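Participant: What follows is final-v9.cif; its format and atoms are mmCIF, C-alpha atoms.
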```cif
data_target
#
loop_
_atom_site.group_PDB
_atom_site.id
_atom_site.type_symbol
_atom_site.label_atom_id
_atom_site.label_comp_id
_atom_site.auth_asym_id
_atom_site.auth_seq_id
_atom_site.Cartn_x
_atom_site.Cartn_y
_atom_site.Cartn_z
ATOM 1 C CA MET D 568 -34.961 23.113 -22.362
ATOM 2 C CA ASN D 569 -37.730 24.863 -24.297
ATOM 3 C CA ALA D 570 -41.422 24.015 -24.020
ATOM 4 C CA ILE D 571 -41.379 21.666 -27.005
ATOM 5 C CA GLU D 572 -38.350 19.764 -25.753
ATOM 6 C CA ASN D 573 -39.862 19.572 -22.277
ATOM 7 C CA ARG D 574 -43.099 18.128 -23.645
ATOM 8 C CA ILE D 575 -41.265 15.466 -25.641
ATOM 9 C CA HIS D 576 -38.989 14.619 -22.699
ATOM 10 C CA GLY D 577 -42.029 14.110 -20.477
ATOM 11 C CA LEU D 578 -43.654 11.782 -23.001
ATOM 12 C CA HIS D 579 -40.531 9.621 -23.124
ATOM 13 C CA GLN D 580 -40.900 9.186 -19.355
ATOM 14 C CA TYR D 581 -44.616 8.419 -19.512
ATOM 15 C CA HIS D 582 -45.726 4.950 -18.426
ATOM 16 C CA SER D 583 -49.228 3.621 -17.969
ATOM 17 C CA GLU D 584 -50.337 0.758 -15.788
ATOM 18 C CA LEU D 585 -50.575 -2.633 -17.450
ATOM 19 C CA THR D 586 -54.172 -3.812 -17.776
ATOM 20 C CA ALA D 587 -53.501 -7.323 -19.066
ATOM 21 C CA THR D 588 -55.510 -10.222 -17.688
ATOM 22 C CA ALA D 589 -53.921 -13.446 -16.487
ATOM 23 C CA ASP D 590 -54.995 -15.333 -19.603
ATOM 24 C CA LEU D 591 -53.534 -12.879 -22.141
ATOM 25 C CA ALA D 592 -50.829 -15.281 -23.355
ATOM 26 C CA ALA D 593 -53.260 -18.203 -23.612
ATOM 27 C CA PHE D 594 -55.770 -16.040 -25.509
ATOM 28 C CA TRP D 595 -53.226 -15.074 -28.141
ATOM 29 C CA GLU D 596 -51.722 -18.548 -28.410
ATOM 30 C CA ARG D 597 -55.193 -19.903 -29.167
ATOM 31 C CA THR D 598 -56.065 -17.039 -31.531
ATOM 32 C CA TYR D 599 -52.802 -17.329 -33.473
ATOM 33 C CA ALA D 600 -53.292 -21.088 -33.877
ATOM 34 C CA GLU D 601 -56.787 -20.499 -35.236
ATOM 35 C CA ALA D 602 -55.518 -17.879 -37.663
ATOM 36 C CA MET D 603 -52.827 -20.179 -39.038
ATOM 37 C CA GLN D 604 -55.104 -23.214 -39.241
ATOM 38 C CA ASP D 605 -57.517 -21.683 -41.747
ATOM 39 C CA ALA D 606 -55.261 -19.247 -43.599
ATOM 40 C CA SER D 607 -56.572 -20.131 -47.063
ATOM 41 C CA TYR D 608 -56.953 -17.696 -49.956
ATOM 42 C CA THR D 609 -57.439 -17.422 -53.704
ATOM 43 C CA ARG D 610 -55.337 -15.354 -56.109
ATOM 44 C CA GLU D 611 -56.491 -14.129 -59.496
ATOM 45 C CA PRO D 612 -54.756 -11.695 -61.882
ATOM 46 C CA VAL D 613 -56.742 -8.596 -62.830
ATOM 47 C CA ALA D 614 -56.325 -6.020 -65.572
ATOM 48 C CA SER D 615 -54.853 -2.688 -64.521
ATOM 49 C CA SER D 616 -53.462 0.510 -65.991
ATOM 50 C CA PHE D 617 -49.948 -0.346 -64.795
ATOM 51 C CA VAL D 618 -47.349 -0.849 -67.533
ATOM 52 C CA GLN D 619 -44.621 -2.308 -65.324
ATOM 53 C CA ALA D 620 -46.518 -3.959 -62.493
ATOM 54 C CA GLU D 621 -48.793 -6.933 -62.044
ATOM 55 C CA VAL D 622 -52.016 -6.743 -60.052
ATOM 56 C CA ASN D 623 -53.784 -9.691 -58.451
ATOM 57 C CA LYS D 624 -56.938 -9.854 -56.385
ATOM 58 C CA ILE D 625 -56.593 -11.902 -53.225
ATOM 59 C CA VAL D 626 -59.614 -13.227 -51.347
ATOM 60 C CA LEU D 627 -58.646 -14.383 -47.860
ATOM 61 C CA GLN D 628 -60.717 -16.698 -45.702
ATOM 62 C CA GLY D 629 -61.272 -14.358 -42.764
ATOM 63 C CA ALA D 630 -62.617 -15.071 -39.312
ATOM 64 C CA ALA D 631 -66.239 -16.267 -39.155
ATOM 65 C CA GLU D 632 -65.902 -17.395 -42.795
ATOM 66 C CA THR D 633 -65.851 -13.796 -44.021
ATOM 67 C CA PRO D 634 -64.113 -13.178 -47.374
ATOM 68 C CA ILE D 635 -61.488 -10.452 -46.945
ATOM 69 C CA TYR D 636 -60.327 -8.728 -50.114
ATOM 70 C CA ALA D 637 -56.811 -7.519 -50.863
ATOM 71 C CA TRP D 638 -54.615 -6.385 -53.727
ATOM 72 C CA LEU D 639 -51.339 -8.184 -54.360
ATOM 73 C CA MET D 640 -49.170 -6.008 -56.579
ATOM 74 C CA LEU D 641 -45.789 -7.029 -57.960
ATOM 75 C CA PRO D 642 -43.135 -4.925 -59.726
ATOM 76 C CA ASN D 643 -42.786 -6.878 -62.981
ATOM 77 C CA ALA D 644 -39.140 -6.259 -63.777
ATOM 78 C CA GLU D 645 -37.977 -7.182 -60.278
ATOM 79 C CA SER D 646 -40.241 -10.115 -59.472
ATOM 80 C CA LYS D 647 -39.496 -11.865 -62.754
ATOM 81 C CA SER D 648 -35.764 -12.093 -61.998
ATOM 82 C CA LYS D 649 -35.583 -12.445 -58.211
ATOM 83 C CA LYS D 650 -37.711 -12.555 -55.105
ATOM 84 C CA VAL D 651 -38.738 -9.135 -53.866
ATOM 85 C CA PRO D 652 -39.488 -7.585 -50.479
ATOM 86 C CA CYS D 653 -43.143 -7.015 -49.656
ATOM 87 C CA VAL D 654 -45.015 -4.344 -47.700
ATOM 88 C CA VAL D 655 -48.313 -5.435 -46.132
ATOM 89 C CA THR D 656 -50.464 -2.326 -45.628
ATOM 90 C CA PHE D 657 -53.508 -1.850 -43.403
ATOM 91 C CA PRO D 658 -55.897 1.130 -43.796
ATOM 92 C CA GLY D 659 -57.079 3.763 -41.362
ATOM 93 C CA TYR D 660 -60.497 3.463 -39.742
ATOM 94 C CA THR D 661 -63.379 3.484 -42.270
ATOM 95 C CA GLY D 662 -60.813 3.061 -45.066
ATOM 96 C CA SER D 663 -59.984 0.193 -47.409
ATOM 97 C CA LYS D 664 -57.297 -1.396 -49.536
ATOM 98 C CA GLY D 665 -57.851 1.467 -51.964
ATOM 99 C CA ARG D 666 -57.079 1.253 -55.667
ATOM 100 C CA PRO D 667 -53.909 -0.299 -57.088
ATOM 101 C CA GLU D 668 -52.581 3.088 -58.212
ATOM 102 C CA ASP D 669 -52.708 4.319 -54.610
ATOM 103 C CA HIS D 670 -49.727 2.039 -53.914
ATOM 104 C CA ALA D 671 -47.606 2.879 -56.962
ATOM 105 C CA ALA D 672 -44.815 4.483 -54.920
ATOM 106 C CA TRP D 673 -43.997 1.149 -53.277
ATOM 107 C CA LEU D 674 -43.860 -0.602 -56.656
ATOM 108 C CA LEU D 675 -41.542 2.045 -58.074
ATOM 109 C CA MET D 676 -39.185 1.429 -55.143
ATOM 110 C CA GLY D 677 -39.095 -2.311 -55.899
ATOM 111 C CA TYR D 678 -41.530 -3.617 -53.277
ATOM 112 C CA ALA D 679 -44.430 -5.951 -53.736
ATOM 113 C CA VAL D 680 -47.533 -4.739 -51.914
ATOM 114 C CA LEU D 681 -50.341 -6.607 -50.205
ATOM 115 C CA ALA D 682 -53.014 -3.985 -49.451
ATOM 116 C CA VAL D 683 -55.749 -5.363 -47.231
ATOM 117 C CA ASP D 684 -59.335 -4.380 -46.429
ATOM 118 C CA VAL D 685 -60.621 -4.315 -42.867
ATOM 119 C CA ARG D 686 -63.903 -6.200 -42.565
ATOM 120 C CA GLY D 687 -67.117 -4.249 -42.840
ATOM 121 C CA GLN D 688 -65.481 -0.871 -43.352
ATOM 122 C CA GLY D 689 -65.009 1.144 -46.542
ATOM 123 C CA GLY D 690 -63.836 -1.572 -48.927
ATOM 124 C CA GLU D 691 -65.252 -4.649 -50.633
ATOM 125 C CA SER D 692 -65.129 -6.880 -47.579
ATOM 126 C CA GLY D 693 -68.266 -7.626 -45.598
ATOM 127 C CA ASN D 694 -68.550 -8.927 -42.058
ATOM 128 C CA LEU D 695 -70.181 -12.253 -41.176
ATOM 129 C CA LEU D 696 -69.182 -12.163 -37.510
ATOM 130 C CA PRO D 697 -72.203 -13.235 -35.401
ATOM 131 C CA GLN D 698 -73.731 -10.516 -33.278
ATOM 132 C CA GLU D 699 -75.448 -11.491 -30.033
ATOM 133 C CA THR D 700 -75.897 -8.039 -28.456
ATOM 134 C CA GLY D 701 -76.612 -4.542 -29.669
ATOM 135 C CA MET D 702 -73.909 -2.088 -30.666
ATOM 136 C CA THR D 703 -73.468 1.628 -31.200
ATOM 137 C CA ARG D 704 -72.467 3.385 -34.427
ATOM 138 C CA GLY D 705 -69.431 2.074 -36.273
ATOM 139 C CA TRP D 706 -67.924 -1.364 -35.908
ATOM 140 C CA ILE D 707 -65.813 -1.784 -32.804
ATOM 141 C CA THR D 708 -68.610 -2.422 -30.298
ATOM 142 C CA GLN D 709 -69.677 -5.578 -32.071
ATOM 143 C CA GLY D 710 -69.143 -8.392 -29.561
ATOM 144 C CA ILE D 711 -67.257 -6.027 -27.263
ATOM 145 C CA LEU D 712 -68.488 -7.685 -24.046
ATOM 146 C CA ASP D 713 -66.187 -10.682 -24.633
ATOM 147 C CA ALA D 714 -62.775 -10.736 -26.318
ATOM 148 C CA GLU D 715 -63.569 -14.124 -27.868
ATOM 149 C CA THR D 716 -66.556 -12.756 -29.793
ATOM 150 C CA SER D 717 -65.226 -9.270 -30.422
ATOM 151 C CA TYR D 718 -64.775 -7.422 -33.689
ATOM 152 C CA TYR D 719 -61.172 -6.764 -32.637
ATOM 153 C CA ARG D 720 -60.387 -10.485 -32.483
ATOM 154 C CA ALA D 721 -61.905 -11.101 -35.911
ATOM 155 C CA VAL D 722 -59.832 -8.261 -37.402
ATOM 156 C CA ALA D 723 -56.698 -9.619 -35.698
ATOM 157 C CA ILE D 724 -57.259 -13.034 -37.293
ATOM 158 C CA ASP D 725 -57.872 -11.438 -40.700
ATOM 159 C CA SER D 726 -54.665 -9.420 -40.382
ATOM 160 C CA LEU D 727 -52.561 -12.402 -39.346
ATOM 161 C CA ARG D 728 -53.880 -14.381 -42.297
ATOM 162 C CA ALA D 729 -52.967 -11.506 -44.616
ATOM 163 C CA VAL D 730 -49.361 -11.607 -43.403
ATOM 164 C CA GLN D 731 -49.320 -15.384 -43.809
ATOM 165 C CA CYS D 732 -50.567 -14.948 -47.388
ATOM 166 C CA ALA D 733 -47.732 -12.539 -48.176
ATOM 167 C CA LEU D 734 -45.171 -14.933 -46.705
ATOM 168 C CA GLU D 735 -46.399 -17.722 -48.992
ATOM 169 C CA GLN D 736 -46.252 -15.912 -52.352
ATOM 170 C CA PRO D 737 -43.563 -17.407 -54.631
ATOM 171 C CA GLU D 738 -42.392 -13.992 -55.874
ATOM 172 C CA ILE D 739 -41.888 -12.625 -52.356
ATOM 173 C CA ASP D 740 -38.805 -12.991 -50.199
ATOM 174 C CA SER D 741 -40.316 -14.370 -46.979
ATOM 175 C CA GLU D 742 -37.414 -12.953 -44.966
ATOM 176 C CA ARG D 743 -38.249 -9.411 -46.086
ATOM 177 C CA VAL D 744 -41.946 -8.986 -45.328
ATOM 178 C CA PHE D 745 -42.649 -5.587 -43.757
ATOM 179 C CA VAL D 746 -45.819 -4.133 -42.252
ATOM 180 C CA TYR D 747 -47.023 -0.554 -42.625
ATOM 181 C CA GLY D 748 -50.080 1.473 -41.630
ATOM 182 C CA GLY D 749 -51.437 4.643 -40.097
ATOM 183 C CA SER D 750 -54.005 5.216 -37.351
ATOM 184 C CA GLN D 751 -56.066 1.991 -37.293
ATOM 185 C CA GLY D 752 -53.559 0.600 -39.784
ATOM 186 C CA GLY D 753 -50.692 1.572 -37.497
ATOM 187 C CA GLY D 754 -52.351 -0.144 -34.554
ATOM 188 C CA LEU D 755 -52.893 -3.304 -36.603
ATOM 189 C CA ALA D 756 -49.286 -3.141 -37.806
ATOM 190 C CA LEU D 757 -48.059 -3.155 -34.198
ATOM 191 C CA LEU D 758 -50.553 -5.848 -33.193
ATOM 192 C CA VAL D 759 -49.509 -8.343 -35.869
ATOM 193 C CA THR D 760 -45.836 -7.562 -35.223
ATOM 194 C CA ALA D 761 -46.340 -8.544 -31.595
ATOM 195 C CA LEU D 762 -47.882 -11.845 -32.704
ATOM 196 C CA GLU D 763 -46.017 -12.812 -35.891
ATOM 197 C CA LYS D 764 -42.264 -13.110 -35.437
ATOM 198 C CA ARG D 765 -41.617 -13.608 -39.171
ATOM 199 C CA ILE D 766 -42.353 -9.938 -39.858
ATOM 200 C CA ARG D 767 -39.023 -8.282 -40.601
ATOM 201 C CA ALA D 768 -39.755 -4.669 -39.591
ATOM 202 C CA THR D 769 -42.710 -2.370 -39.036
ATOM 203 C CA ILE D 770 -43.724 1.266 -39.425
ATOM 204 C CA ALA D 771 -46.754 2.556 -37.512
ATOM 205 C CA HIS D 772 -47.868 6.131 -38.142
ATOM 206 C CA VAL D 773 -49.952 7.752 -35.366
ATOM 207 C CA PRO D 774 -51.207 4.305 -34.299
ATOM 208 C CA ASN D 775 -54.365 3.500 -32.396
ATOM 209 C CA LEU D 776 -54.847 0.395 -30.194
ATOM 210 C CA CYS D 777 -52.555 2.170 -27.715
ATOM 211 C CA HIS D 778 -53.404 2.850 -24.033
ATOM 212 C CA MET D 779 -57.000 2.052 -24.890
ATOM 213 C CA ASP D 780 -58.375 2.803 -21.428
ATOM 214 C CA LEU D 781 -57.089 6.379 -21.860
ATOM 215 C CA GLY D 782 -58.667 6.574 -25.301
ATOM 216 C CA LEU D 783 -61.949 5.330 -23.891
ATOM 217 C CA LEU D 784 -61.791 7.843 -21.036
ATOM 218 C CA ASN D 785 -61.198 10.715 -23.460
ATOM 219 C CA SER D 786 -63.648 9.326 -26.040
ATOM 220 C CA VAL D 787 -61.236 9.753 -28.935
ATOM 221 C CA SER D 788 -60.796 7.986 -32.279
ATOM 222 C CA SER D 789 -62.873 4.850 -32.844
ATOM 223 C CA LEU D 790 -62.999 4.386 -29.075
ATOM 224 C CA SER D 791 -65.613 7.133 -28.989
ATOM 225 C CA GLU D 792 -67.949 4.361 -30.154
ATOM 226 C CA ALA D 793 -67.106 2.305 -27.071
ATOM 227 C CA ALA D 794 -67.611 5.405 -24.937
ATOM 228 C CA ASP D 795 -71.084 5.779 -26.429
ATOM 229 C CA PHE D 796 -71.755 2.125 -25.635
ATOM 230 C CA VAL D 797 -70.816 2.388 -21.955
ATOM 231 C CA THR D 798 -72.700 5.670 -21.685
ATOM 232 C CA ARG D 799 -75.834 3.741 -22.613
ATOM 233 C CA PHE D 800 -74.858 0.669 -20.602
ATOM 234 C CA PRO D 801 -72.609 1.818 -17.733
ATOM 235 C CA GLU D 802 -72.884 -1.575 -16.051
ATOM 236 C CA TYR D 803 -70.797 -3.035 -18.903
ATOM 237 C CA LEU D 804 -67.745 -0.795 -18.407
ATOM 238 C CA PRO D 805 -65.670 -3.544 -16.672
ATOM 239 C CA ASP D 806 -66.425 -5.966 -19.519
ATOM 240 C CA VAL D 807 -65.495 -3.427 -22.190
ATOM 241 C CA LEU D 808 -62.237 -2.531 -20.439
ATOM 242 C CA ARG D 809 -61.372 -6.203 -20.108
ATOM 243 C CA THR D 810 -62.025 -6.859 -23.794
ATOM 244 C CA VAL D 811 -59.942 -3.966 -25.106
ATOM 245 C CA SER D 812 -57.072 -4.889 -22.783
ATOM 246 C CA TYR D 813 -56.332 -7.975 -24.920
ATOM 247 C CA PHE D 814 -55.653 -5.768 -27.963
ATOM 248 C CA ASP D 815 -53.847 -2.889 -26.260
ATOM 249 C CA ILE D 816 -50.264 -2.490 -27.483
ATOM 250 C CA VAL D 817 -49.326 -1.366 -23.969
ATOM 251 C CA ASN D 818 -49.953 -4.970 -22.881
ATOM 252 C CA LEU D 819 -48.303 -6.501 -25.968
ATOM 253 C CA GLY D 820 -45.301 -4.198 -26.364
ATOM 254 C CA ASP D 821 -42.907 -6.603 -24.672
ATOM 255 C CA ARG D 822 -43.612 -9.091 -27.493
ATOM 256 C CA ILE D 823 -42.358 -6.716 -30.190
ATOM 257 C CA GLN D 824 -38.728 -7.605 -30.797
ATOM 258 C CA GLN D 825 -38.438 -6.621 -34.471
ATOM 259 C CA PRO D 826 -37.245 -3.216 -35.720
ATOM 260 C CA VAL D 827 -40.118 -0.747 -35.426
ATOM 261 C CA HIS D 828 -40.557 2.927 -36.228
ATOM 262 C CA VAL D 829 -43.457 4.994 -34.865
ATOM 263 C CA THR D 830 -44.602 8.534 -35.569
ATOM 264 C CA VAL D 831 -46.667 10.830 -33.352
ATOM 265 C CA GLY D 832 -48.140 14.298 -33.714
ATOM 266 C CA LEU D 833 -48.268 16.450 -30.600
ATOM 267 C CA LYS D 834 -51.434 18.135 -31.931
ATOM 268 C CA ASP D 835 -53.176 14.780 -32.450
ATOM 269 C CA THR D 836 -56.524 14.709 -30.660
ATOM 270 C CA CYS D 837 -57.507 11.373 -32.222
ATOM 271 C CA CYS D 838 -54.616 9.114 -31.208
ATOM 272 C CA LEU D 839 -53.258 10.996 -28.225
ATOM 273 C CA PRO D 840 -49.478 11.454 -27.852
ATOM 274 C CA GLU D 841 -49.676 10.021 -24.305
ATOM 275 C CA ALA D 842 -51.396 6.908 -25.643
ATOM 276 C CA ILE D 843 -48.819 6.329 -28.369
ATOM 277 C CA PHE D 844 -45.868 6.914 -26.057
ATOM 278 C CA ALA D 845 -47.377 4.616 -23.420
ATOM 279 C CA ALA D 846 -47.275 1.813 -25.982
ATOM 280 C CA TYR D 847 -43.936 2.785 -27.518
ATOM 281 C CA ASN D 848 -42.243 2.916 -24.128
ATOM 282 C CA ARG D 849 -43.293 -0.717 -23.527
ATOM 283 C CA ILE D 850 -41.835 -2.010 -26.792
ATOM 284 C CA GLU D 851 -38.737 -4.063 -26.048
ATOM 285 C CA SER D 852 -37.143 -4.065 -29.483
ATOM 286 C CA ALA D 853 -33.497 -3.035 -29.445
ATOM 287 C CA HIS D 854 -34.154 -1.315 -32.794
ATOM 288 C CA LYS D 855 -37.095 0.953 -32.071
ATOM 289 C CA SER D 856 -37.418 4.636 -32.897
ATOM 290 C CA ILE D 857 -40.094 7.301 -32.637
ATOM 291 C CA GLU D 858 -40.359 10.516 -34.612
ATOM 292 C CA VAL D 859 -42.256 13.382 -33.010
ATOM 293 C CA TYR D 860 -43.930 16.089 -35.076
ATOM 294 C CA PRO D 861 -44.713 18.970 -32.665
ATOM 295 C CA PHE D 862 -47.170 20.741 -34.978
ATOM 296 C CA MET D 863 -48.794 17.762 -36.709
ATOM 297 C CA GLY D 864 -52.225 16.419 -35.841
ATOM 298 C CA HIS D 865 -53.673 13.068 -36.866
ATOM 299 C CA ALA D 866 -51.883 12.604 -40.164
ATOM 300 C CA THR D 867 -49.207 10.696 -42.004
ATOM 301 C CA PRO D 868 -46.078 12.858 -42.103
ATOM 302 C CA PRO D 869 -44.775 14.249 -45.403
ATOM 303 C CA GLY D 870 -42.226 12.133 -47.215
ATOM 304 C CA SER D 871 -43.513 8.989 -45.536
ATOM 305 C CA HIS D 872 -42.738 6.625 -48.409
ATOM 306 C CA ALA D 873 -39.128 7.778 -48.754
ATOM 307 C CA MET D 874 -38.682 7.548 -44.983
ATOM 308 C CA ALA D 875 -40.194 4.051 -44.956
ATOM 309 C CA HIS D 876 -37.902 2.892 -47.752
ATOM 310 C CA ALA D 877 -34.848 4.203 -45.876
ATOM 311 C CA PHE D 878 -35.961 2.402 -42.713
ATOM 312 C CA PHE D 879 -36.885 -0.892 -44.361
ATOM 313 C CA SER D 880 -33.681 -0.895 -46.403
ATOM 314 C CA LYS D 881 -31.652 -1.234 -43.195
ATOM 315 C CA TRP D 882 -33.271 -4.579 -42.550
#
```
Would you mind writing the file's structure down as structure tokens?
Facilitator:
Amino acid sequence: MNAIENRIHGLHQYHSELTATADLAAFWERTYAEAMQDASYTREPVASSFVQAEVNKIVLQGAAETPIYAWLMLPNAESKSKKVPCVVTFPGYTGSKGRPEDHAAWLLMGYAVLAVDVRGQGGESGNLLPQETGMTRGWITQGILDAETSYYRAVAIDSLRAVQCALEQPEIDSERVFVYGGSQGGGLALLVTALEKRIRATIAHVPNLCHMDLGLLNSVSSLSEAADFVTRFPEYLPDVLRTVSYFDIVNLGDRIQQPVHVTVGLKDTCCLPEAIFAAYNRIESAHKSIEVYPFMGHATPPGSHAMAHAFFSKW
């Protein structure tokens, strides 16, 4: 066994301690019910440069009455004659839903796309979540002393409502709604898959929200913001660790029963290979797979759309 094979073999054996609190199931039951109760949205067609696709702007009612913006794009030829599969995409940290043309590959392969902003970050969507305590740079430390008031919970509700919106569109086959994302988007893809059983299959590239106590310890990715917070306020470390535990895929992996494909780069210093494998090894789906790129850092692998189409087509 060479050094690369030995490294990968060790990661497949890696397991972290569960950090879930006793009320984890009750927390998510309550949060899911809230998300479904107010999952309202508007849909309006917009002009675009596409010749063979339709573009709509969706405005979701997000948590804390925050409007969350999304693109709903439909391949004209397909959606006029039959219901089509849909890919719900979530962006990386500081990113956005992008522009419609950023998602053209999906449309050319016959998928509808719902591309969603994350509140307060680099898109159109603001953030009306109340803030009772101070925070450090970025977004994730907003409300981080309590899972109920946290930025993470608000984003989870927004993401669940986005999936619900996709499921309700008349042009979309509700039995073929897939979820896709990288980094933050990959973490959100795994999170909503753990909570929403109607998702058909999921791809998560180099996902975050995995083994979050390790990420906090190493001050990597967006969790460097939480590390800054507890550096300033070390007395709050137990509260921060408790809050992030509710959103850690390590603690939610046993809920993921759908087909799921994950990628990891062994050179990734943002979403650490140990963190991703800790979560992946907890996933209980009988149809899970992980692709390891020994020389890739924090990136989406080449050929990702073709690979995604091949994976989704199985299901």
Participant: Give one line per residue of range 710-773 of chain D that approaches range 866-870 of chain D to at most 12 Å, naming the two atoms of the closest pair and their distance in Å to one decimal, counting only C-alpha atoms; sort by chain then ascending residue number and deliver it as a tab-separated table.
Facilitator:
```
residue	atom	partner	partner_atom	distance
D:Tyr747	CA	D:Thr867	CA	11.5
D:Gly748	CA	D:Thr867	CA	9.3
D:Gly749	CA	D:Thr867	CA	6.7
D:Ser750	CA	D:Ala866	CA	8.2
D:Gln751	CA	D:Ala866	CA	11.8
D:Gly752	CA	D:Thr867	CA	11.2
D:Gly753	CA	D:Thr867	CA	10.3
D:Ile770	CA	D:Thr867	CA	11.2
D:Ala771	CA	D:Thr867	CA	9.6
D:His772	CA	D:Thr867	CA	6.1
D:Val773	CA	D:Ala866	CA	7.1
```
Participant: Counting only C-alpha atoms, figure out which residue out of D:Arg720, D:Arg799, D:Arg666, D:Lys624 gets nearest to Thr598 in chain D.
Facilitator: D:Arg720
Participant: Taking the file above as input, evaluate the PyMOL selection byres ((chain D and resi 704) around 9) and report the hits as a VMD selection string.
Facilitator: chain D and resid 702 to 703 705 to 708 792 795 to 796
Participant: Please measure the separation of CA of Thr609 in chain D and CA of Cys732 in chain D, giving the value in Å to one decimal.
Facilitator: 9.7 Å
Participant: Excluding range 586-592 of chain D and its own-chain neighbours fewer than 4 positions away, which residues fall within 8 Å of it when counting only C-alpha atoms? Please give them as an mmCIF file with C-alpha atoms, in the coordinates of the input.
Facilitator:
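Output saved as part-v1.cif:
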```cif
data_model
loop_
_atom_site.group_PDB
_atom_site.id
_atom_site.type_symbol
_atom_site.label_atom_id
_atom_site.label_comp_id
_atom_site.auth_asym_id
_atom_site.auth_seq_id
_atom_site.Cartn_x
_atom_site.Cartn_y
_atom_site.Cartn_z
ATOM 1 C CA GLU D 596 -51.722 -18.548 -28.410
ATOM 2 C CA ARG D 809 -61.372 -6.203 -20.108
ATOM 3 C CA SER D 812 -57.072 -4.889 -22.783
ATOM 4 C CA TYR D 813 -56.332 -7.975 -24.920
ATOM 5 C CA ASN D 818 -49.953 -4.970 -22.881
#
```
Participant: Calculated over only C-alpha atoms, which of the candidates D:Cys653, D:Ile850, D:Val827, D:Ala671 has the smallest distance to Ala768 in chain D?
Facilitator: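 Ranking D:Cys653, D:Ile850, D:Val827, D:Ala671 by distance to Ala768 in chain D, first place goes to D:Val827.
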